[in-house]
>>> print(open('my_file.cif').read())   # mmCIF, C-alpha atoms and all ligand atoms
data_input
#
loop_
_atom_site.label_atom_id
_atom_site.label_comp_id
_atom_site.auth_asym_id
_atom_site.auth_seq_id
_atom_site.Cartn_x
_atom_site.Cartn_y
_atom_site.Cartn_z
CA MET A 1 109.26 -136.32 -27.21
CA LYS A 2 111.15 -133.09 -26.77
CA VAL A 3 108.36 -130.75 -25.66
CA ALA A 4 108.40 -126.96 -25.39
CA VAL A 5 105.77 -125.16 -23.31
CA VAL A 6 105.69 -121.59 -24.60
CA GLY A 7 104.06 -119.22 -22.11
CA ALA A 8 104.96 -121.60 -19.26
CA THR A 9 104.80 -118.84 -16.65
CA GLY A 10 101.21 -117.82 -17.53
CA MET A 11 97.80 -119.01 -16.32
CA VAL A 12 97.34 -121.53 -19.12
CA GLY A 13 101.04 -122.48 -19.06
CA ASN A 14 100.86 -123.41 -15.39
CA VAL A 15 97.81 -125.61 -15.91
CA MET A 16 99.50 -127.07 -18.97
CA LEU A 17 102.39 -128.32 -16.76
CA GLN A 18 99.92 -129.74 -14.25
CA VAL A 19 97.96 -131.59 -16.97
CA LEU A 20 101.13 -132.85 -18.73
CA ALA A 21 102.27 -134.36 -15.42
CA GLU A 22 98.86 -135.84 -14.55
CA ARG A 23 98.48 -137.49 -17.95
CA ASN A 24 102.08 -138.68 -17.99
CA PHE A 25 102.72 -137.09 -21.37
CA PRO A 26 105.73 -138.87 -22.92
CA ILE A 27 108.37 -136.18 -22.34
CA THR A 28 112.06 -136.97 -22.75
CA GLU A 29 113.14 -133.33 -22.62
CA LEU A 30 111.10 -130.36 -21.42
CA LEU A 31 111.73 -126.74 -22.42
CA LEU A 32 109.95 -124.03 -20.43
CA VAL A 33 109.69 -120.88 -22.48
CA ALA A 34 108.45 -117.36 -21.71
CA SER A 35 109.25 -113.72 -22.44
CA GLU A 36 112.63 -112.08 -21.87
CA ARG A 37 111.23 -110.88 -18.51
CA SER A 38 111.09 -114.43 -17.16
CA LYS A 39 114.32 -115.78 -18.66
CA GLY A 40 116.34 -117.52 -15.92
CA LYS A 41 113.33 -118.00 -13.63
CA GLN A 42 113.17 -121.44 -11.95
CA MET A 43 110.06 -123.61 -12.28
CA GLU A 44 109.18 -127.12 -11.14
CA TYR A 45 107.88 -130.04 -13.17
CA LYS A 46 107.44 -133.48 -11.57
CA GLY A 47 109.77 -132.50 -8.74
CA LYS A 48 112.57 -131.36 -11.05
CA THR A 49 113.70 -127.73 -11.38
CA TYR A 50 113.84 -126.14 -14.82
CA THR A 51 115.17 -122.74 -15.91
CA VAL A 52 112.89 -120.68 -18.14
CA ILE A 53 114.43 -119.95 -21.54
CA GLY A 54 113.65 -117.49 -24.32
CA LEU A 55 111.99 -118.21 -27.66
CA GLN A 56 115.13 -118.30 -29.84
CA ASP A 57 116.87 -120.76 -27.50
CA ALA A 58 113.78 -122.96 -27.72
CA VAL A 59 113.76 -122.87 -31.56
CA ASP A 60 117.48 -123.72 -31.57
CA ALA A 61 116.74 -126.77 -29.39
CA LYS A 62 114.40 -128.09 -32.17
CA PRO A 63 111.56 -129.51 -30.07
CA ASP A 64 109.21 -132.16 -31.52
CA ILE A 65 106.11 -130.47 -30.12
CA ALA A 66 105.58 -126.89 -28.89
CA LEU A 67 102.49 -126.09 -26.85
CA PHE A 68 101.95 -122.33 -27.23
CA SER A 69 99.95 -120.12 -24.87
CA ALA A 70 101.77 -116.79 -25.04
CA GLY A 71 99.28 -114.53 -26.84
CA GLY A 72 98.45 -113.90 -30.49
CA SER A 73 101.39 -111.71 -31.50
CA THR A 74 103.97 -114.14 -30.04
CA SER A 75 102.31 -116.97 -31.97
CA GLU A 76 102.19 -115.03 -35.21
CA ALA A 77 105.87 -114.17 -34.98
CA TRP A 78 107.24 -117.43 -33.55
CA ALA A 79 105.03 -120.43 -34.43
CA PRO A 80 106.33 -120.38 -38.06
CA LYS A 81 109.93 -120.35 -36.77
CA PHE A 82 109.25 -123.48 -34.67
CA ALA A 83 107.47 -125.11 -37.64
CA GLU A 84 110.47 -124.35 -39.88
CA VAL A 85 112.75 -126.50 -37.70
CA GLY A 86 110.30 -129.42 -37.99
CA CYS A 87 108.40 -128.82 -34.73
CA THR A 88 104.61 -129.28 -34.56
CA VAL A 89 103.01 -126.29 -32.83
CA VAL A 90 99.67 -126.50 -31.02
CA ASP A 91 98.60 -122.92 -30.43
CA ASN A 92 96.16 -121.59 -27.84
CA SER A 93 95.92 -118.04 -29.14
CA SER A 94 93.49 -116.69 -31.73
CA ALA A 95 96.31 -116.10 -34.26
CA TRP A 96 95.67 -119.10 -36.55
CA ARG A 97 92.16 -120.25 -35.71
CA MET A 98 90.36 -118.84 -38.72
CA ASP A 99 93.32 -119.20 -41.12
CA PRO A 100 91.95 -121.48 -43.87
CA THR A 101 95.34 -123.23 -44.14
CA LYS A 102 95.31 -124.23 -40.45
CA LYS A 103 93.14 -126.83 -38.67
CA LEU A 104 91.03 -125.89 -35.64
CA ILE A 105 90.80 -129.00 -33.52
CA VAL A 106 88.76 -130.50 -30.70
CA PRO A 107 90.14 -134.07 -30.79
CA GLU A 108 86.84 -135.77 -29.85
CA ILE A 109 85.11 -134.01 -32.76
CA ASN A 110 87.54 -133.50 -35.64
CA GLY A 111 90.90 -134.98 -34.58
CA ASP A 112 90.71 -137.18 -37.69
CA GLU A 113 91.35 -134.09 -39.87
CA LEU A 114 94.97 -134.00 -38.65
CA THR A 115 97.83 -135.11 -40.89
CA LYS A 116 101.65 -135.17 -40.66
CA GLU A 117 101.72 -132.00 -42.80
CA ASP A 118 99.96 -129.91 -40.10
CA LYS A 119 102.81 -128.05 -38.44
CA ILE A 120 100.72 -125.29 -36.83
CA ILE A 121 97.47 -126.51 -35.29
CA ALA A 122 95.00 -124.15 -33.63
CA ASN A 123 93.27 -124.81 -30.33
CA PRO A 124 89.81 -123.17 -30.30
CA ASN A 125 88.72 -120.42 -27.92
CA CYS A 126 87.83 -121.65 -24.41
CA SER A 127 84.12 -120.79 -24.66
CA THR A 128 83.93 -122.41 -28.11
CA ILE A 129 85.41 -125.74 -26.95
CA GLN A 130 82.87 -126.36 -24.20
CA LEU A 131 80.05 -125.24 -26.52
CA VAL A 132 80.92 -127.55 -29.42
CA MET A 133 81.54 -130.52 -27.12
CA ALA A 134 77.82 -130.39 -26.25
CA LEU A 135 76.54 -129.25 -29.65
CA ALA A 136 78.39 -131.77 -31.87
CA PRO A 137 76.35 -134.90 -31.01
CA LEU A 138 73.07 -132.96 -31.12
CA HIS A 139 73.90 -131.33 -34.46
CA LYS A 140 74.72 -134.72 -35.94
CA LYS A 141 71.33 -136.09 -34.91
CA TYR A 142 68.91 -133.14 -35.26
CA LYS A 143 70.80 -130.57 -37.43
CA MET A 144 71.13 -127.12 -35.90
CA LYS A 145 69.41 -124.16 -37.54
CA ARG A 146 70.26 -121.35 -35.10
CA VAL A 147 72.19 -121.09 -31.83
CA VAL A 148 71.88 -118.20 -29.30
CA ILE A 149 74.60 -118.10 -26.62
CA SER A 150 74.95 -115.97 -23.48
CA THR A 151 78.19 -116.50 -21.59
CA TYR A 152 79.13 -115.96 -17.94
CA GLN A 153 82.93 -116.01 -18.09
CA SER A 154 85.46 -116.13 -15.26
CA VAL A 155 88.35 -113.72 -14.79
CA SER A 156 90.93 -116.50 -15.30
CA GLY A 157 89.95 -116.37 -18.98
CA THR A 158 91.66 -112.98 -19.21
CA GLY A 159 94.96 -114.10 -17.65
CA VAL A 160 97.05 -113.46 -14.56
CA LYS A 161 96.39 -109.70 -14.41
CA ALA A 162 92.61 -110.12 -14.22
CA VAL A 163 92.81 -112.73 -11.47
CA GLU A 164 94.94 -110.27 -9.49
CA GLN A 165 92.42 -107.46 -10.12
CA LEU A 166 89.58 -109.54 -8.65
CA GLU A 167 91.73 -110.65 -5.69
CA ASN A 168 92.78 -107.05 -5.00
CA GLU A 169 89.21 -105.78 -5.18
CA THR A 170 87.90 -108.44 -2.80
CA LYS A 171 90.61 -107.41 -0.30
CA GLY A 172 90.02 -103.68 -0.86
CA ILE A 173 93.53 -103.19 -2.28
CA LYS A 174 94.09 -100.67 -5.09
CA GLY A 175 96.09 -102.27 -7.90
CA GLU A 176 96.52 -102.61 -11.63
CA MET A 177 93.28 -102.94 -13.61
CA ALA A 178 92.89 -105.62 -16.31
CA TYR A 179 89.37 -104.33 -17.11
CA HIS A 180 88.01 -100.79 -17.62
CA TYR A 181 85.74 -101.31 -14.56
CA PRO A 182 85.80 -103.10 -11.21
CA ILE A 183 84.87 -106.76 -11.68
CA ASN A 184 84.04 -107.60 -8.06
CA ARG A 185 80.24 -107.41 -7.50
CA ASN A 186 79.87 -106.58 -11.17
CA ALA A 187 79.08 -108.12 -14.59
CA ILE A 188 80.93 -106.61 -17.55
CA PRO A 189 79.28 -107.11 -20.97
CA GLN A 190 82.63 -107.00 -22.72
CA CYS A 191 85.01 -109.94 -23.21
CA ASP A 192 87.96 -108.90 -25.41
CA ASP A 193 87.91 -105.89 -27.77
CA PHE A 194 84.96 -104.49 -29.71
CA ILE A 195 84.95 -104.68 -33.51
CA GLU A 196 83.12 -102.59 -36.16
CA ASN A 197 79.84 -104.56 -36.01
CA GLY A 198 79.36 -103.76 -32.29
CA TYR A 199 80.23 -107.29 -31.16
CA THR A 200 83.33 -108.27 -29.21
CA LYS A 201 86.05 -110.51 -30.64
CA GLU A 202 85.03 -113.17 -28.07
CA GLU A 203 81.43 -113.11 -29.36
CA MET A 204 82.59 -113.46 -32.96
CA LYS A 205 84.82 -116.40 -31.98
CA LEU A 206 81.64 -118.13 -30.78
CA VAL A 207 79.95 -117.27 -34.08
CA ASN A 208 82.75 -118.41 -36.40
CA GLU A 209 84.75 -121.18 -34.72
CA PRO A 210 81.94 -123.78 -34.27
CA LYS A 211 81.25 -123.69 -38.03
CA LYS A 212 84.89 -124.45 -38.81
CA ILE A 213 85.14 -127.25 -36.20
CA LEU A 214 81.87 -128.86 -37.28
CA ALA A 215 82.76 -128.26 -40.97
CA ASP A 216 79.30 -126.84 -41.59
CA ASP A 217 78.22 -123.23 -42.05
CA SER A 218 74.55 -123.99 -42.67
CA PHE A 219 73.52 -122.89 -39.15
CA SER A 220 73.58 -119.35 -37.72
CA VAL A 221 74.97 -118.28 -34.35
CA THR A 222 74.70 -115.14 -32.22
CA ALA A 223 76.36 -114.49 -28.86
CA THR A 224 76.63 -112.11 -25.92
CA ALA A 225 79.77 -112.64 -23.81
CA VAL A 226 79.82 -111.35 -20.23
CA ARG A 227 82.64 -111.32 -17.68
CA ILE A 228 81.54 -112.15 -14.11
CA PRO A 229 83.50 -112.23 -10.83
CA THR A 230 84.09 -116.00 -10.71
CA ALA A 231 87.73 -117.00 -10.33
CA GLY A 232 87.63 -119.89 -12.79
CA GLY A 233 85.17 -121.77 -15.04
CA HIS A 234 83.00 -120.44 -17.85
CA SER A 235 79.21 -120.95 -18.01
CA GLU A 236 76.95 -120.64 -21.03
CA ALA A 237 73.18 -120.41 -21.44
CA VAL A 238 72.56 -121.85 -24.90
CA ASN A 239 69.36 -121.88 -26.96
CA ILE A 240 69.42 -124.18 -30.01
CA GLU A 241 66.81 -124.35 -32.74
CA PHE A 242 67.05 -127.59 -34.74
CA VAL A 243 65.74 -128.43 -38.20
CA ASN A 244 64.34 -131.71 -36.82
CA ASP A 245 62.33 -132.33 -33.68
CA PHE A 246 63.95 -134.11 -30.74
CA ASP A 247 63.00 -136.21 -27.79
CA LEU A 248 64.31 -134.86 -24.46
CA ALA A 249 65.17 -138.30 -23.09
CA GLU A 250 67.13 -139.01 -26.26
CA VAL A 251 68.96 -135.63 -25.99
CA ARG A 252 70.01 -136.57 -22.45
CA LYS A 253 71.14 -140.01 -23.61
CA LEU A 254 73.13 -138.58 -26.54
CA LEU A 255 74.91 -136.10 -24.28
CA ALA A 256 75.54 -138.69 -21.56
CA GLU A 257 77.08 -141.05 -24.13
CA THR A 258 79.43 -138.37 -25.51
CA PRO A 259 83.02 -138.91 -24.32
CA GLY A 260 84.18 -135.84 -22.37
CA VAL A 261 80.63 -134.67 -21.56
CA ILE A 262 78.91 -135.24 -18.20
CA VAL A 263 75.19 -134.62 -17.76
CA GLN A 264 74.34 -133.03 -14.40
CA ASP A 265 70.61 -132.58 -14.55
CA ASN A 266 68.39 -133.60 -11.65
CA LEU A 267 66.00 -130.93 -10.44
CA ASP A 268 64.86 -133.04 -7.44
CA THR A 269 68.38 -132.95 -6.01
CA PHE A 270 69.21 -129.43 -7.31
CA THR A 271 71.85 -130.96 -9.56
CA TYR A 272 73.14 -128.70 -12.32
CA PRO A 273 76.59 -127.63 -13.50
CA MET A 274 78.38 -124.79 -11.69
CA PRO A 275 81.86 -123.34 -12.27
CA ALA A 276 83.05 -123.91 -8.69
CA TYR A 277 82.37 -127.64 -9.14
CA ALA A 278 83.92 -127.85 -12.63
CA HIS A 279 87.23 -126.57 -11.22
CA ASN A 280 90.22 -128.77 -12.14
CA LYS A 281 88.02 -131.14 -14.15
CA ASP A 282 88.64 -132.03 -17.79
CA GLU A 283 85.00 -132.71 -18.69
CA VAL A 284 82.29 -130.41 -20.00
CA PHE A 285 79.19 -130.38 -17.79
CA VAL A 286 75.68 -129.99 -19.21
CA GLY A 287 72.43 -129.43 -17.32
CA ARG A 288 69.12 -127.54 -17.18
CA ILE A 289 68.20 -129.53 -20.30
CA ARG A 290 64.73 -128.41 -21.32
CA ARG A 291 62.52 -127.64 -24.27
CA ASP A 292 62.13 -123.97 -25.26
CA GLU A 293 58.34 -123.83 -25.10
CA SER A 294 58.19 -120.58 -27.08
CA GLN A 295 59.32 -122.15 -30.34
CA ALA A 296 59.26 -125.51 -32.19
CA ASN A 297 62.30 -127.87 -32.20
CA THR A 298 64.21 -125.67 -29.75
CA LEU A 299 66.29 -126.68 -26.75
CA ASN A 300 67.81 -124.82 -23.78
CA LEU A 301 71.08 -125.98 -22.18
CA TRP A 302 73.42 -124.74 -19.45
CA ILE A 303 77.04 -125.67 -20.22
CA VAL A 304 79.97 -125.28 -17.80
CA ALA A 305 83.68 -126.18 -18.02
CA ASP A 306 87.02 -125.22 -16.51
CA ASN A 307 88.31 -122.74 -19.12
CA LEU A 308 91.93 -123.39 -18.21
CA ARG A 309 91.53 -127.20 -18.54
CA LYS A 310 89.25 -128.41 -21.39
CA GLY A 311 89.03 -124.79 -22.59
CA ALA A 312 92.80 -124.53 -23.01
CA ALA A 313 95.49 -126.83 -21.53
CA THR A 314 93.68 -130.17 -21.65
CA ASN A 315 92.44 -129.74 -25.23
CA THR A 316 95.94 -128.70 -26.36
CA ILE A 317 97.51 -131.72 -24.67
CA GLN A 318 94.81 -134.04 -26.07
CA ILE A 319 95.78 -132.77 -29.55
CA GLY A 320 99.41 -133.65 -28.72
CA GLU A 321 98.34 -137.11 -27.52
CA TYR A 322 96.32 -137.62 -30.70
CA LEU A 323 99.34 -136.70 -32.84
CA ILE A 324 101.56 -139.15 -30.97
CA ALA A 325 99.00 -141.99 -30.94
CA ASN A 326 98.50 -141.63 -34.69
CA GLU A 327 102.23 -141.22 -35.45
CA LEU A 328 101.72 -137.74 -36.88
CA VAL A 329 104.78 -136.29 -35.11
N1 LIG B 1 93.02 -117.98 -19.86
C1 LIG B 1 92.24 -118.76 -20.61
O1 LIG B 1 91.18 -119.26 -20.21
C2 LIG B 1 92.64 -119.04 -22.01
C3 LIG B 1 91.94 -120.01 -22.68
C4 LIG B 1 92.27 -120.33 -23.99
C5 LIG B 1 93.31 -119.68 -24.59
N2 LIG B 1 94.01 -118.71 -23.91
C6 LIG B 1 95.10 -118.06 -24.63
O2 LIG B 1 96.35 -118.49 -24.09
C7 LIG B 1 97.29 -117.44 -24.14
C8 LIG B 1 97.85 -117.17 -22.75
O3 LIG B 1 96.80 -116.86 -21.87
P1 LIG B 1 97.00 -116.76 -20.30
O4 LIG B 1 95.65 -116.59 -19.74
O5 LIG B 1 97.85 -117.89 -19.82
O6 LIG B 1 97.82 -115.37 -20.19
P2 LIG B 1 98.88 -114.90 -19.08
O7 LIG B 1 98.56 -115.51 -17.78
O8 LIG B 1 98.94 -113.44 -19.22
O9 LIG B 1 100.29 -115.54 -19.57
C9 LIG B 1 100.92 -115.14 -20.75
C10 LIG B 1 102.14 -116.00 -21.01
O10 LIG B 1 102.73 -115.62 -22.27
C11 LIG B 1 104.08 -115.23 -22.06
N3 LIG B 1 104.45 -114.16 -22.98
C12 LIG B 1 103.87 -112.95 -23.09
N4 LIG B 1 104.50 -112.20 -24.02
C13 LIG B 1 105.51 -112.97 -24.50
C14 LIG B 1 106.52 -112.78 -25.46
N5 LIG B 1 106.64 -111.64 -26.12
N6 LIG B 1 107.39 -113.79 -25.68
C15 LIG B 1 107.31 -114.94 -25.00
N7 LIG B 1 106.37 -115.20 -24.08
C16 LIG B 1 105.47 -114.23 -23.82
C17 LIG B 1 104.14 -114.77 -20.64
O11 LIG B 1 105.47 -114.79 -20.19
P3 LIG B 1 105.97 -113.78 -19.00
O12 LIG B 1 105.50 -114.40 -17.72
O13 LIG B 1 107.45 -113.82 -19.17
O14 LIG B 1 105.37 -112.45 -19.27
C18 LIG B 1 103.25 -115.81 -19.97
O15 LIG B 1 103.96 -117.01 -19.81
C19 LIG B 1 96.56 -116.26 -24.78
O16 LIG B 1 96.83 -116.28 -26.17
C20 LIG B 1 95.12 -116.55 -24.52
O17 LIG B 1 94.27 -115.98 -25.48
C21 LIG B 1 93.70 -118.39 -22.63
#
>>> encode(input="my_file.cif", output="C-alpha cells")
Amino acid sequence: MKVAVVGATGMVGNVMLQVLAERNFPITELLLVASERSKGKQMEYKGKTYTVIGLQDAVDAKPDIALFSAGGSTSEAWAPKFAEVGCTVVDNSSAWRMDPTKKLIVPEINGDELTKEDKIIANPNCSTIQLVMALAPLHKKYKMKRVVISTYQSVSGTGVKAVEQLENETKGIKGEMAYHYPINRNAIPQCDDFIENGYTKEEMKLVNEPKKILADDSFSVTATAVRIPTAGGHSEAVNIEFVNDFDLAEVRKLLAETPGVIVQDNLDTFTYPMPAYAHNKDEVFVGRIRRDESQANTLNLWIVADNLRKGAATNTIQIGEYLIANELV
C-alpha cells in the first residue's frame, strides 16, 4: 500500500506513525504530509528518514490510503481531491462525520458498513469512540433510553499548542495560550467552540455521533465536556438509563468479553481506570461499574482511554486494516 499520513507533524500524526510501525501496517511507500510550513522537514519512520511534502505533491503521488489528521478545513478542501485520484481517505477531523453520505466508523462496532465505494471515511471524535466502545454491547442487550456524560479531557486532545501551554504553566514560563484561561490547576468547562444552544461542539459530538455509529436514534444523550490539566487520556463519568433491567454481574461479563474493552473494577484493590495508566494503550478501560440507586434500570460507569490512540490514531489505522483485510482498497 502507498500510504499518505496527512498532518504527520501533529500530535495525532506522530502517534499515527508510532502505531503504523507497531502494527506493521503493510506500507510499500510512505508519504508524510503537512502544511507549507513543514515542507522539507525530516522525519523518521522505522529508522528511515523521510522528507515532509505538501498536499498537492501527495495527491499527485496517488496514494492508495490517506490517513488525515490535519484539521477540518484541510479535510474539507483536500479529502475530495485525494478521493478523486482513487485514494481512500480516513479522516480524523469533524469535517465529514455527520455528512449523511459518509460513514462514521468504529471497526469493532460498524466496520461491516464499509464498501469499496466509500472513498472518504470519517473517524469519530475521541471522546465518542471510547464511549461507544463501552455502550455498544450494553445497548444491544438492554437498549439505552438516556445517556448522561461528563468528560474530563486531557490537553493533548486540543493539539500541540495546548500541550505546550500546560508545560509552560507548570514551569512558570509565559507563552502562547491555546485556551482562554490557564489550564494548570484548573478545570475549564469548555472543549471546542460554543454554539447557539449553549453547548460546545464537543458536547454535541457526544450527542450526535453515537446515534450514527449505533444506527439508532431512539435514545437521548446529554453531555458536559470539561478540559482538565492531564497531559493525555480522556475520562468520562457516564450514567445510562436502559429500557430493560440488567444484572451487574452480566454487565461486567458483557464488557469484559467485548474486544478492545478492559474491565478494571476491583474496589478491594483500588482498581479503576485512570488516564495515566491508559497512556499508550489501544484499549478502552471501564470501571466503577455500579447501579444508579436513584432510578430504575440505570447504570454508572467510568470510562478511560488514550485519546491519541483508540480515540484517534489506532481507530483510524484499524479502519485501514479492515479495508485491506476485506479487499475494499
Ligand atoms: N488530539 C486528539 O486527541 C484528536 C483526537 C481525534 C481527532 N483529532 C483531530 O485530528 C486533527 C489533528 O489534531 P492534532 O491534535 O494532531 O493537531 P496538531 O497537533 O495541531 O497538528 C495539526 C497537523 O495538521 C497539519 N496542518 C495544519 N494545517 C494544515 C494545512 N493547511 N495543510 C496541511 N496540513 C496542515 C499540521 O502541519 P504543520 O505542523 O505543518 O502545521 C500538523 O501536522 C484535528 O482535526 C483534530 O480535531 C485530534
>>> closest_atom_pairs(input="my_file.cif", of="chain A", to="ligand LIG 1 (chain B)", cutoff="9 Å", atoms="only C-alpha atoms and all ligand atoms", output="CSV")
residue,atom,partner,partner_atom,distance
A:Val6,CA,B:LIG1,N7,6.4
A:Gly7,CA,B:LIG1,O15,3.2
A:Ala8,CA,B:LIG1,O15,4.7
A:Thr9,CA,B:LIG1,O15,3.7
A:Gly10,CA,B:LIG1,O9,3.2
A:Met11,CA,B:LIG1,O5,3.7
A:Val12,CA,B:LIG1,O5,3.7
A:Gly13,CA,B:LIG1,O5,5.6
A:Asn14,CA,B:LIG1,O5,7.7
A:Val15,CA,B:LIG1,O5,8.7
A:Val33,CA,B:LIG1,N7,6.8
A:Ala34,CA,B:LIG1,N7,3.8
A:Ser35,CA,B:LIG1,C15,3.4
A:Glu36,CA,B:LIG1,O13,6.1
A:Arg37,CA,B:LIG1,O13,4.8
A:Ser38,CA,B:LIG1,O13,4.2
A:Lys39,CA,B:LIG1,O13,7.2
A:Val52,CA,B:LIG1,O13,8.8
A:Gly54,CA,B:LIG1,C15,6.9
A:Leu55,CA,B:LIG1,C15,6.3
A:Phe68,CA,B:LIG1,C7,7.4
A:Ser69,CA,B:LIG1,C7,3.8
A:Ala70,CA,B:LIG1,O10,3.2
A:Gly71,CA,B:LIG1,O16,3.1
A:Gly72,CA,B:LIG1,O16,5.2
A:Ser73,CA,B:LIG1,N5,7.5
A:Thr74,CA,B:LIG1,N5,5.4
A:Ser75,CA,B:LIG1,O16,8.0
A:Trp78,CA,B:LIG1,N6,8.7
A:Asp91,CA,B:LIG1,O2,8.1
A:Asn92,CA,B:LIG1,C5,4.7
A:Ser93,CA,B:LIG1,O16,3.6
A:Ser94,CA,B:LIG1,O17,6.3
A:Ala95,CA,B:LIG1,O16,8.1
A:Asn123,CA,B:LIG1,C5,7.7
A:Pro124,CA,B:LIG1,C4,7.3
A:Asn125,CA,B:LIG1,C4,5.3
A:Cys126,CA,B:LIG1,C4,4.7
A:Ser127,CA,B:LIG1,C3,8.1
A:Ser154,CA,B:LIG1,O1,8.2
A:Val155,CA,B:LIG1,N1,8.1
A:Ser156,CA,B:LIG1,N1,5.2
A:Gly157,CA,B:LIG1,O1,3.4
A:Thr158,CA,B:LIG1,N1,5.2
A:Gly159,CA,B:LIG1,O4,3.3
A:Val160,CA,B:LIG1,O7,4.1
A:Lys161,CA,B:LIG1,O8,6.6
A:Ala162,CA,B:LIG1,O8,8.7
A:Val163,CA,B:LIG1,O7,9.0
A:Gly232,CA,B:LIG1,O1,8.2
A:Gly233,CA,B:LIG1,O1,8.3
A:His234,CA,B:LIG1,O1,8.6
A:Asp306,CA,B:LIG1,O1,8.2
A:Asn307,CA,B:LIG1,O1,4.6
A:Leu308,CA,B:LIG1,O1,4.6
A:Arg309,CA,B:LIG1,O1,8.1
A:Lys310,CA,B:LIG1,C3,8.9
A:Gly311,CA,B:LIG1,C3,5.6
A:Ala312,CA,B:LIG1,C4,4.3
A:Ala313,CA,B:LIG1,C4,7.7
>>> residues_around(input="my_file.cif", residues="stretch 107-114 of chain A", least_positions_apart="4", cutoff="12 Å", atoms="all atoms listed in the file", output="PDB file with C-alpha atoms, in the coordinates of the input")
ATOM      1  CA  THR A  88     104.610-129.280 -34.560  1.00  0.00           C
ATOM      2  CA  VAL A  90      99.670-126.500 -31.020  1.00  0.00           C
ATOM      3  CA  LYS A 102      95.310-124.230 -40.450  1.00  0.00           C
ATOM      4  CA  LYS A 103      93.140-126.830 -38.670  1.00  0.00           C
ATOM      5  CA  ASP A 118      99.960-129.910 -40.100  1.00  0.00           C
ATOM      6  CA  LYS A 119     102.810-128.050 -38.440  1.00  0.00           C
ATOM      7  CA  ILE A 120     100.720-125.290 -36.830  1.00  0.00           C
ATOM      8  CA  ILE A 121      97.470-126.510 -35.290  1.00  0.00           C
ATOM      9  CA  ALA A 122      95.000-124.150 -33.630  1.00  0.00           C
ATOM     10  CA  ASN A 123      93.270-124.810 -30.330  1.00  0.00           C
ATOM     11  CA  PRO A 124      89.810-123.170 -30.300  1.00  0.00           C
ATOM     12  CA  ILE A 129      85.410-125.740 -26.950  1.00  0.00           C
ATOM     13  CA  GLN A 130      82.870-126.360 -24.200  1.00  0.00           C
ATOM     14  CA  LEU A 131      80.050-125.240 -26.520  1.00  0.00           C
ATOM     15  CA  VAL A 132      80.920-127.550 -29.420  1.00  0.00           C
ATOM     16  CA  MET A 133      81.540-130.520 -27.120  1.00  0.00           C
ATOM     17  CA  ALA A 134      77.820-130.390 -26.250  1.00  0.00           C
ATOM     18  CA  LEU A 135      76.540-129.250 -29.650  1.00  0.00           C
ATOM     19  CA  ALA A 136      78.390-131.770 -31.870  1.00  0.00           C
ATOM     20  CA  PRO A 137      76.350-134.900 -31.010  1.00  0.00           C
ATOM     21  CA  HIS A 139      73.900-131.330 -34.460  1.00  0.00           C
ATOM     22  CA  LYS A 140      74.720-134.720 -35.940  1.00  0.00           C
ATOM     23  CA  PRO A 210      81.940-123.780 -34.270  1.00  0.00           C
ATOM     24  CA  LYS A 211      81.250-123.690 -38.030  1.00  0.00           C
ATOM     25  CA  LYS A 212      84.890-124.450 -38.810  1.00  0.00           C
ATOM     26  CA  ILE A 213      85.140-127.250 -36.200  1.00  0.00           C
ATOM     27  CA  LEU A 214      81.870-128.860 -37.280  1.00  0.00           C
ATOM     28  CA  ALA A 215      82.760-128.260 -40.970  1.00  0.00           C
ATOM     29  CA  THR A 258      79.430-138.370 -25.510  1.00  0.00           C
ATOM     30  CA  PRO A 259      83.020-138.910 -24.320  1.00  0.00           C
ATOM     31  CA  GLY A 260      84.180-135.840 -22.370  1.00  0.00           C
ATOM     32  CA  VAL A 261      80.630-134.670 -21.560  1.00  0.00           C
ATOM     33  CA  GLU A 283      85.000-132.710 -18.690  1.00  0.00           C
ATOM     34  CA  LYS A 310      89.250-128.410 -21.390  1.00  0.00           C
ATOM     35  CA  THR A 314      93.680-130.170 -21.650  1.00  0.00           C
ATOM     36  CA  ASN A 315      92.440-129.740 -25.230  1.00  0.00           C
ATOM     37  CA  THR A 316      95.940-128.700 -26.360  1.00  0.00           C
ATOM     38  CA  ILE A 317      97.510-131.720 -24.670  1.00  0.00           C
ATOM     39  CA  GLN A 318      94.810-134.040 -26.070  1.00  0.00           C
ATOM     40  CA  ILE A 319      95.780-132.770 -29.550  1.00  0.00           C
ATOM     41  CA  GLY A 320      99.410-133.650 -28.720  1.00  0.00           C
ATOM     42  CA  GLU A 321      98.340-137.110 -27.520  1.00  0.00           C
ATOM     43  CA  TYR A 322      96.320-137.620 -30.700  1.00  0.00           C
ATOM     44  CA  LEU A 323      99.340-136.700 -32.840  1.00  0.00           C
ATOM     45  CA  ILE A 324     101.560-139.150 -30.970  1.00  0.00           C
ATOM     46  CA  ALA A 325      99.000-141.990 -30.940  1.00  0.00           C
ATOM     47  CA  ASN A 326      98.500-141.630 -34.690  1.00  0.00           C
ATOM     48  CA  GLU A 327     102.230-141.220 -35.450  1.00  0.00           C
ATOM     49  CA  LEU A 328     101.720-137.740 -36.880  1.00  0.00           C
ATOM     50  CA  VAL A 329     104.780-136.290 -35.110  1.00  0.00           C
TER      51      VAL A 329
END
>>> atom_distance(input="my_file.cif", atom1="atom CA of A:Thr170", atom2="atom CA of A:Lys281")
25.4 Å
>>> atom_distance(input="my_file.cif", atom1="atom CA of A:Phe246", atom2="atom CA of A:Gln153")
29.1 Å
>>> closest_residue(input="my_file.cif", among="A:Met177, A:Leu301, A:Leu255, A:Ala223", to="A:Tyr199", atoms="all atoms listed in the file")
A:Ala223
>>> atom_distance(input="my_file.cif", atom1="atom CA of A:Ile262", atom2="atom CA of A:Val243")
24.9 Å
>>> residues_around(input="my_file.cif", residues="A:Ala66", least_positions_apart="4", cutoff="6 Å", atoms="all atoms listed in the file", output="list in words")
Val3, Ala4, Val5 and Val89 of chain A
>>> residues_around(input="my_file.cif", residues="A:Asp245", least_positions_apart="6", cutoff="12 Å", atoms="all atoms listed in the file", output="PyMOL selection string")
chain A and resi 138-139+141-145+251+291-292+295-299
>>> closest_residue(input="my_file.cif", among="A:Tyr45, A:Ala58, A:Val263, A:His180", to="A:Leu17", atoms="all atoms listed in the file")
A:Tyr45
>>> closest_residue(input="my_file.cif", among="A:Ile53, A:Val221, A:Leu104, A:Ala305", to="A:Glu236", atoms="only C-alpha atoms")
A:Ala305
>>> residues_around(input="my_file.cif", residues="A:Phe194", least_positions_apart="5", cutoff="10 Å", atoms="only C-alpha atoms", output="PyMOL selection string")
chain A and resi 199-204
